[in-house]
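Structure file upload.txt; described as compact mmCIF, N, CA, C and O atoms.
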# COMPACT_ATOMS: atom_id res chain seq x y z
N LYS H 1 -34.14 13.17 -11.67
CA LYS H 1 -34.54 11.91 -11.09
C LYS H 1 -34.02 11.82 -9.66
O LYS H 1 -32.95 12.31 -9.35
N VAL H 2 -34.79 11.16 -8.85
CA VAL H 2 -34.40 10.91 -7.47
C VAL H 2 -34.21 9.41 -7.31
O VAL H 2 -35.08 8.62 -7.65
N TYR H 3 -33.05 9.03 -6.80
CA TYR H 3 -32.76 7.63 -6.58
C TYR H 3 -32.88 7.33 -5.10
O TYR H 3 -32.36 8.07 -4.27
N TYR H 4 -33.57 6.28 -4.75
CA TYR H 4 -33.75 5.87 -3.37
C TYR H 4 -33.12 4.51 -3.18
O TYR H 4 -33.41 3.58 -3.92
N SER H 5 -32.22 4.41 -2.23
CA SER H 5 -31.53 3.15 -1.98
C SER H 5 -31.67 2.79 -0.50
O SER H 5 -30.89 3.23 0.34
N PRO H 6 -32.71 2.02 -0.15
CA PRO H 6 -32.90 1.68 1.26
C PRO H 6 -31.82 0.73 1.77
O PRO H 6 -31.29 -0.07 1.02
N THR H 7 -31.50 0.87 3.03
CA THR H 7 -30.54 -0.02 3.67
C THR H 7 -31.15 -0.51 4.97
O THR H 7 -32.16 0.00 5.43
N ASP H 8 -30.49 -1.48 5.57
CA ASP H 8 -31.00 -1.99 6.84
C ASP H 8 -30.25 -1.39 8.03
O ASP H 8 -30.28 -1.91 9.12
N VAL H 9 -29.56 -0.27 7.82
CA VAL H 9 -28.82 0.39 8.88
C VAL H 9 -29.77 1.28 9.67
O VAL H 9 -30.45 2.11 9.09
N THR H 10 -29.80 1.09 10.96
CA THR H 10 -30.64 1.90 11.82
C THR H 10 -29.79 2.97 12.49
O THR H 10 -28.82 2.66 13.16
N GLU H 11 -30.12 4.23 12.28
CA GLU H 11 -29.38 5.33 12.88
C GLU H 11 -29.93 5.59 14.27
O GLU H 11 -31.14 5.74 14.47
N MET H 12 -29.04 5.64 15.25
CA MET H 12 -29.45 5.90 16.63
C MET H 12 -29.79 7.38 16.78
O MET H 12 -29.39 8.20 15.98
N GLU H 13 -30.49 7.70 17.85
CA GLU H 13 -30.76 9.09 18.16
C GLU H 13 -29.44 9.81 18.41
O GLU H 13 -28.51 9.26 18.97
N THR H 14 -29.36 11.08 17.99
CA THR H 14 -28.10 11.81 18.08
C THR H 14 -27.62 11.99 19.51
O THR H 14 -26.44 12.13 19.74
N SER H 15 -28.51 11.99 20.47
CA SER H 15 -28.09 12.22 21.86
C SER H 15 -27.61 10.94 22.54
O SER H 15 -27.19 10.98 23.68
N SER H 16 -27.65 9.80 21.83
CA SER H 16 -27.36 8.53 22.49
C SER H 16 -25.88 8.16 22.51
O SER H 16 -25.52 7.17 23.12
N ALA H 17 -25.00 8.94 21.87
CA ALA H 17 -23.57 8.66 21.90
C ALA H 17 -22.82 9.96 22.21
O ALA H 17 -23.12 11.00 21.65
N HIS H 18 -21.85 9.85 23.10
CA HIS H 18 -21.09 11.04 23.51
C HIS H 18 -19.60 10.80 23.35
O HIS H 18 -19.10 9.73 23.72
N LEU H 19 -18.90 11.79 22.80
CA LEU H 19 -17.45 11.76 22.65
C LEU H 19 -16.89 12.97 23.36
O LEU H 19 -17.38 14.08 23.19
N PHE H 20 -15.84 12.78 24.15
CA PHE H 20 -15.19 13.91 24.79
C PHE H 20 -13.77 13.54 25.19
O PHE H 20 -13.49 12.35 25.39
N PRO H 21 -12.86 14.48 25.27
CA PRO H 21 -13.02 15.87 24.79
C PRO H 21 -12.97 15.91 23.26
O PRO H 21 -12.44 15.01 22.63
N ASN H 22 -13.53 16.94 22.72
CA ASN H 22 -13.51 17.12 21.27
C ASN H 22 -13.38 18.61 20.99
O ASN H 22 -14.34 19.34 21.23
N PRO H 23 -12.22 19.10 20.59
CA PRO H 23 -11.08 18.37 20.05
C PRO H 23 -10.29 17.63 21.12
O PRO H 23 -10.29 18.00 22.30
N ALA H 24 -9.61 16.57 20.69
CA ALA H 24 -8.84 15.72 21.60
C ALA H 24 -7.35 15.86 21.31
O ALA H 24 -6.95 16.14 20.19
N ASP H 25 -6.55 15.60 22.35
CA ASP H 25 -5.10 15.66 22.22
C ASP H 25 -4.48 14.29 22.49
O ASP H 25 -3.75 13.76 21.67
N GLN H 26 -4.79 13.70 23.63
CA GLN H 26 -4.20 12.42 24.04
C GLN H 26 -5.15 11.24 23.88
O GLN H 26 -4.75 10.17 23.46
N SER H 27 -6.42 11.42 24.28
CA SER H 27 -7.38 10.33 24.21
C SER H 27 -8.80 10.87 24.04
O SER H 27 -9.07 12.03 24.32
N ILE H 28 -9.67 9.99 23.56
CA ILE H 28 -11.09 10.30 23.39
C ILE H 28 -11.88 9.29 24.19
O ILE H 28 -11.65 8.08 24.09
N ASN H 29 -12.83 9.77 24.98
CA ASN H 29 -13.75 8.91 25.70
C ASN H 29 -15.01 8.77 24.86
O ASN H 29 -15.54 9.75 24.35
N VAL H 30 -15.49 7.54 24.73
CA VAL H 30 -16.70 7.24 23.97
C VAL H 30 -17.69 6.61 24.93
O VAL H 30 -17.37 5.66 25.63
N GLU H 31 -18.91 7.17 24.96
CA GLU H 31 -19.97 6.62 25.82
C GLU H 31 -21.24 6.44 25.01
O GLU H 31 -21.69 7.35 24.35
N ALA H 32 -21.79 5.24 25.08
CA ALA H 32 -23.08 4.92 24.47
C ALA H 32 -23.56 3.62 25.08
O ALA H 32 -22.75 2.81 25.55
N GLU H 33 -24.84 3.39 25.09
CA GLU H 33 -25.40 2.17 25.66
C GLU H 33 -25.12 0.97 24.77
O GLU H 33 -25.51 0.94 23.61
N GLY H 34 -24.39 -0.02 25.30
CA GLY H 34 -24.16 -1.28 24.59
C GLY H 34 -23.31 -1.19 23.35
O GLY H 34 -23.66 -1.73 22.31
N ILE H 35 -22.16 -0.52 23.44
CA ILE H 35 -21.26 -0.40 22.29
C ILE H 35 -20.75 -1.79 21.90
O ILE H 35 -20.33 -2.56 22.75
N THR H 36 -20.81 -2.09 20.61
CA THR H 36 -20.32 -3.37 20.12
C THR H 36 -19.11 -3.24 19.21
O THR H 36 -18.28 -4.14 19.13
N HIS H 37 -19.01 -2.11 18.49
CA HIS H 37 -17.91 -1.95 17.53
C HIS H 37 -17.69 -0.46 17.26
O HIS H 37 -18.65 0.30 17.17
N VAL H 38 -16.43 -0.07 17.13
CA VAL H 38 -16.09 1.31 16.80
C VAL H 38 -15.10 1.30 15.64
O VAL H 38 -14.12 0.56 15.66
N THR H 39 -15.39 2.10 14.62
CA THR H 39 -14.46 2.28 13.50
C THR H 39 -14.24 3.77 13.31
O THR H 39 -15.16 4.58 13.49
N VAL H 40 -13.01 4.13 12.94
CA VAL H 40 -12.65 5.52 12.72
C VAL H 40 -12.00 5.64 11.35
O VAL H 40 -11.14 4.83 10.99
N TYR H 41 -12.45 6.64 10.59
CA TYR H 41 -11.93 6.89 9.25
C TYR H 41 -11.38 8.31 9.17
O TYR H 41 -11.93 9.23 9.78
N ASN H 42 -10.30 8.49 8.41
CA ASN H 42 -9.82 9.84 8.17
C ASN H 42 -10.69 10.46 7.07
O ASN H 42 -11.58 9.82 6.53
N MET H 43 -10.42 11.71 6.74
CA MET H 43 -11.26 12.40 5.77
C MET H 43 -11.06 11.92 4.34
O MET H 43 -11.80 12.30 3.44
N LEU H 44 -10.09 11.04 4.13
CA LEU H 44 -9.92 10.41 2.81
C LEU H 44 -10.70 9.10 2.73
O LEU H 44 -10.67 8.42 1.70
N GLY H 45 -11.37 8.73 3.82
CA GLY H 45 -12.14 7.49 3.86
C GLY H 45 -11.32 6.28 4.21
O GLY H 45 -11.80 5.15 4.13
N GLN H 46 -10.06 6.48 4.62
CA GLN H 46 -9.20 5.37 4.98
C GLN H 46 -9.45 4.95 6.43
O GLN H 46 -9.58 5.80 7.31
N LEU H 47 -9.50 3.65 6.65
CA LEU H 47 -9.69 3.12 7.99
C LEU H 47 -8.47 3.44 8.84
O LEU H 47 -7.35 3.11 8.48
N THR H 48 -8.71 4.11 9.98
CA THR H 48 -7.63 4.52 10.88
C THR H 48 -7.58 3.66 12.13
O THR H 48 -6.52 3.37 12.66
N TYR H 49 -8.76 3.24 12.60
CA TYR H 49 -8.84 2.52 13.87
C TYR H 49 -10.10 1.67 13.86
O TYR H 49 -11.14 2.10 13.35
N GLU H 50 -10.01 0.48 14.43
CA GLU H 50 -11.18 -0.40 14.50
C GLU H 50 -11.03 -1.31 15.71
O GLU H 50 -9.95 -1.84 15.98
N VAL H 51 -12.12 -1.47 16.45
CA VAL H 51 -12.07 -2.32 17.65
C VAL H 51 -13.47 -2.85 17.96
O VAL H 51 -14.47 -2.17 17.76
N ASP H 52 -13.52 -4.10 18.43
CA ASP H 52 -14.76 -4.66 18.98
C ASP H 52 -14.83 -4.25 20.45
O ASP H 52 -13.82 -4.25 21.15
N VAL H 53 -16.02 -3.93 20.90
CA VAL H 53 -16.22 -3.44 22.26
C VAL H 53 -17.39 -4.19 22.88
O VAL H 53 -18.32 -4.58 22.18
N ASP H 54 -17.35 -4.36 24.18
CA ASP H 54 -18.48 -4.95 24.91
C ASP H 54 -18.67 -4.14 26.17
O ASP H 54 -18.12 -4.46 27.22
N GLY H 55 -19.41 -3.04 26.06
CA GLY H 55 -19.61 -2.19 27.22
C GLY H 55 -20.30 -0.89 26.84
O GLY H 55 -20.77 -0.72 25.72
N ASN H 56 -20.33 0.03 27.80
CA ASN H 56 -21.00 1.32 27.60
C ASN H 56 -20.03 2.48 27.44
O ASN H 56 -20.44 3.59 27.13
N ARG H 57 -18.74 2.23 27.69
CA ARG H 57 -17.74 3.30 27.51
C ARG H 57 -16.39 2.71 27.19
O ARG H 57 -16.09 1.57 27.51
N MET H 58 -15.59 3.53 26.52
CA MET H 58 -14.25 3.12 26.16
C MET H 58 -13.38 4.35 25.98
O MET H 58 -13.89 5.47 25.84
N LYS H 59 -12.07 4.16 25.98
CA LYS H 59 -11.13 5.25 25.77
C LYS H 59 -10.21 4.86 24.62
O LYS H 59 -9.70 3.75 24.58
N ILE H 60 -10.00 5.79 23.69
CA ILE H 60 -9.14 5.57 22.54
C ILE H 60 -7.93 6.49 22.65
O ILE H 60 -8.09 7.71 22.77
N ASN H 61 -6.74 5.93 22.59
CA ASN H 61 -5.51 6.72 22.61
C ASN H 61 -5.29 7.31 21.22
O ASN H 61 -5.14 6.58 20.25
N VAL H 62 -5.28 8.64 21.13
CA VAL H 62 -5.11 9.31 19.85
C VAL H 62 -3.82 10.13 19.81
O VAL H 62 -3.62 10.93 18.91
N SER H 63 -2.93 9.91 20.78
CA SER H 63 -1.73 10.74 20.91
C SER H 63 -0.81 10.62 19.69
O SER H 63 -0.05 11.55 19.41
N GLU H 64 -0.88 9.52 18.95
CA GLU H 64 0.00 9.35 17.79
C GLU H 64 -0.73 9.54 16.46
O GLU H 64 -0.15 9.36 15.40
N TRP H 65 -2.01 9.91 16.53
CA TRP H 65 -2.76 10.18 15.30
C TRP H 65 -2.34 11.54 14.76
O TRP H 65 -1.97 12.45 15.51
N ASN H 66 -2.43 11.71 13.45
CA ASN H 66 -2.18 13.01 12.83
C ASN H 66 -3.30 13.97 13.21
O ASN H 66 -4.45 13.56 13.39
N GLU H 67 -2.96 15.25 13.30
CA GLU H 67 -3.99 16.25 13.55
C GLU H 67 -4.96 16.29 12.39
O GLU H 67 -4.58 16.03 11.25
N GLY H 68 -6.21 16.58 12.69
CA GLY H 68 -7.21 16.68 11.64
C GLY H 68 -8.57 16.21 12.11
O GLY H 68 -8.81 16.00 13.29
N ILE H 69 -9.47 16.04 11.15
CA ILE H 69 -10.84 15.63 11.40
C ILE H 69 -10.98 14.15 11.02
O ILE H 69 -10.51 13.73 9.98
N TYR H 70 -11.67 13.40 11.87
CA TYR H 70 -11.92 11.98 11.64
C TYR H 70 -13.42 11.71 11.81
O TYR H 70 -14.11 12.44 12.52
N LEU H 71 -13.91 10.67 11.18
CA LEU H 71 -15.30 10.22 11.35
C LEU H 71 -15.29 8.93 12.15
O LEU H 71 -14.61 7.97 11.79
N MET H 72 -16.05 8.91 13.24
CA MET H 72 -16.12 7.73 14.09
C MET H 72 -17.51 7.12 13.97
O MET H 72 -18.52 7.80 14.15
N LYS H 73 -17.54 5.83 13.64
CA LYS H 73 -18.81 5.09 13.57
C LYS H 73 -18.91 4.23 14.82
O LYS H 73 -18.07 3.37 15.07
N ILE H 74 -19.94 4.49 15.61
CA ILE H 74 -20.16 3.76 16.86
C ILE H 74 -21.37 2.85 16.64
O ILE H 74 -22.47 3.32 16.36
N GLN H 75 -21.15 1.53 16.76
CA GLN H 75 -22.23 0.57 16.61
C GLN H 75 -22.63 0.04 17.97
O GLN H 75 -21.77 -0.27 18.81
N THR H 76 -23.95 -0.08 18.17
CA THR H 76 -24.49 -0.67 19.38
C THR H 76 -25.56 -1.68 18.96
O THR H 76 -25.84 -1.82 17.77
N GLY H 77 -26.14 -2.33 19.93
CA GLY H 77 -27.23 -3.25 19.63
C GLY H 77 -28.46 -2.55 19.10
O GLY H 77 -29.35 -3.17 18.51
N MET H 78 -28.53 -1.22 19.25
CA MET H 78 -29.69 -0.44 18.83
C MET H 78 -29.50 0.23 17.47
O MET H 78 -30.41 0.85 16.95
N GLY H 79 -28.30 0.14 16.89
CA GLY H 79 -28.04 0.80 15.62
C GLY H 79 -26.64 1.38 15.59
O GLY H 79 -25.75 0.91 16.29
N GLN H 80 -26.47 2.42 14.80
CA GLN H 80 -25.16 3.05 14.69
C GLN H 80 -25.30 4.56 14.58
O GLN H 80 -26.36 5.06 14.21
N VAL H 81 -24.22 5.25 14.88
CA VAL H 81 -24.20 6.70 14.75
C VAL H 81 -22.80 7.11 14.31
O VAL H 81 -21.81 6.45 14.64
N MET H 82 -22.73 8.15 13.50
CA MET H 82 -21.45 8.71 13.05
C MET H 82 -21.21 10.01 13.80
O MET H 82 -22.13 10.81 13.97
N ARG H 83 -19.95 10.21 14.22
CA ARG H 83 -19.56 11.42 14.90
C ARG H 83 -18.27 11.96 14.29
O ARG H 83 -17.42 11.19 13.86
N ARG H 84 -18.14 13.26 14.27
CA ARG H 84 -16.92 13.91 13.81
C ARG H 84 -16.03 14.15 15.02
O ARG H 84 -16.48 14.65 16.04
N VAL H 85 -14.74 13.82 14.87
CA VAL H 85 -13.77 13.99 15.94
C VAL H 85 -12.63 14.84 15.41
O VAL H 85 -12.13 14.59 14.33
N SER H 86 -12.21 15.81 16.21
CA SER H 86 -11.08 16.65 15.85
C SER H 86 -9.89 16.31 16.72
O SER H 86 -10.01 16.22 17.94
N ILE H 87 -8.73 16.11 16.09
CA ILE H 87 -7.49 15.83 16.82
C ILE H 87 -6.59 17.04 16.67
O ILE H 87 -6.31 17.48 15.55
N ALA H 88 -6.18 17.62 17.80
CA ALA H 88 -5.31 18.80 17.80
C ALA H 88 -4.26 18.61 18.89
O ALA H 88 -4.60 18.58 20.07
N HIS H 89 -3.00 18.47 18.51
CA HIS H 89 -1.92 18.27 19.49
C HIS H 89 -1.29 19.58 19.88
O HIS H 89 -1.15 20.48 19.20
Please render this file's structure as structure tokens.
Amino acid sequence: KVYYSPTDVTEMETSSAHLFPNPADQSINVEAEGITHVTVYNMLGQLTYEVDVDGNRMKINVSEWNEGIYLMKIQTGMGQVMRRVSIAH
């Protein structure tokens, strides 16, 4: 059986959000048109970072984060996109 569960989440085009540097050591720059909210989760699904944003770019200090892979959800007025971020000190 195939289960279909529609949602009202609109996924942005993959080229519309940029993160750099990746892997990151001290900070991550996030660029996308009209960012409204950013959430970051570790690979256990635990919320690591969350912030409301009003702009096209932001910088996140990751110098005290544990090394590893994180998932970043970037929300804009046009939808949302998930990105993988690597932290390596």
One number please: atom N of Ser63 of chain H to atom N of Asn29 of chain H, in Å, one decimal.
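Value for the atom N of Ser63 of chain H-atom N of Asn29 of chain H distance: 10.8 Å.
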Just to confirm, what's the straight-line distance from atom C of Met43 of chain H to atom N of Ser16 of chain H in Å (one decimal)?
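Result for atom C of Met43 of chain H versus atom N of Ser16 of chain H: 24.2 Å, one decimal.
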Point-to-point distance in Å for atom C of Thr76 of chain H and atom C of Ala88 of chain H
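One can read the atom C of Ala88 of chain H to atom C of Thr76 of chain H distance as 29.4 Å.
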Step by step: start from the point (-10.8, 2.8, 13.7) in the file's coordinates, keep every protein, DNA or RNA residue that has an atom no farther than 10 Å from it, count only C-alpha atoms, and write the set as number ranges by chain.
H: 37-42, 46-52, 60, 70-74
So that I can check the surroundings of Arg57 of chain H, please list as a ChimeraX atom specification every protein, DNA and RNA residue that reaches within 8 Å of it, counting only C-alpha atoms and ignoring chain neighbours fewer than 6 positions away.
/H:29-33,35
Please put the answer as AutoDock Vina command-line options: centre and edge lengths, in Å with one decimal, of a box along x, y and z that encloses all listed atoms of segment 15-26 of chain H plus 8 Å on each side.
--center_x -16.1 --center_y 13.3 --center_z 22.7 --size_x 40.8 --size_y 28.2 --size_z 21.3
Counting all atoms listed in the file, figure out which residue out of H:Gln26, H:Asn61, H:Asn56, H:Thr36 gets nearest to His89 of chain H.
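Answer, going by the shortest atom-to-atom distance: H:Gln26.
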Which residue is closest to Ile28 of chain H? Choose from H:Met82, H:Val53, H:Val62, H:Ile69 and count only N, CA, C and O atoms.
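Of all the options, H:Val62 lies closest to Ile28 of chain H.
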Would you mind telling me which residue in H:Ser27, H:Ser86, H:Asn22, H:Met78 lies nearest to Glu64 of chain H when using all atoms listed in the file?
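Closest residue, counting all atoms listed in the file: H:Ser27.
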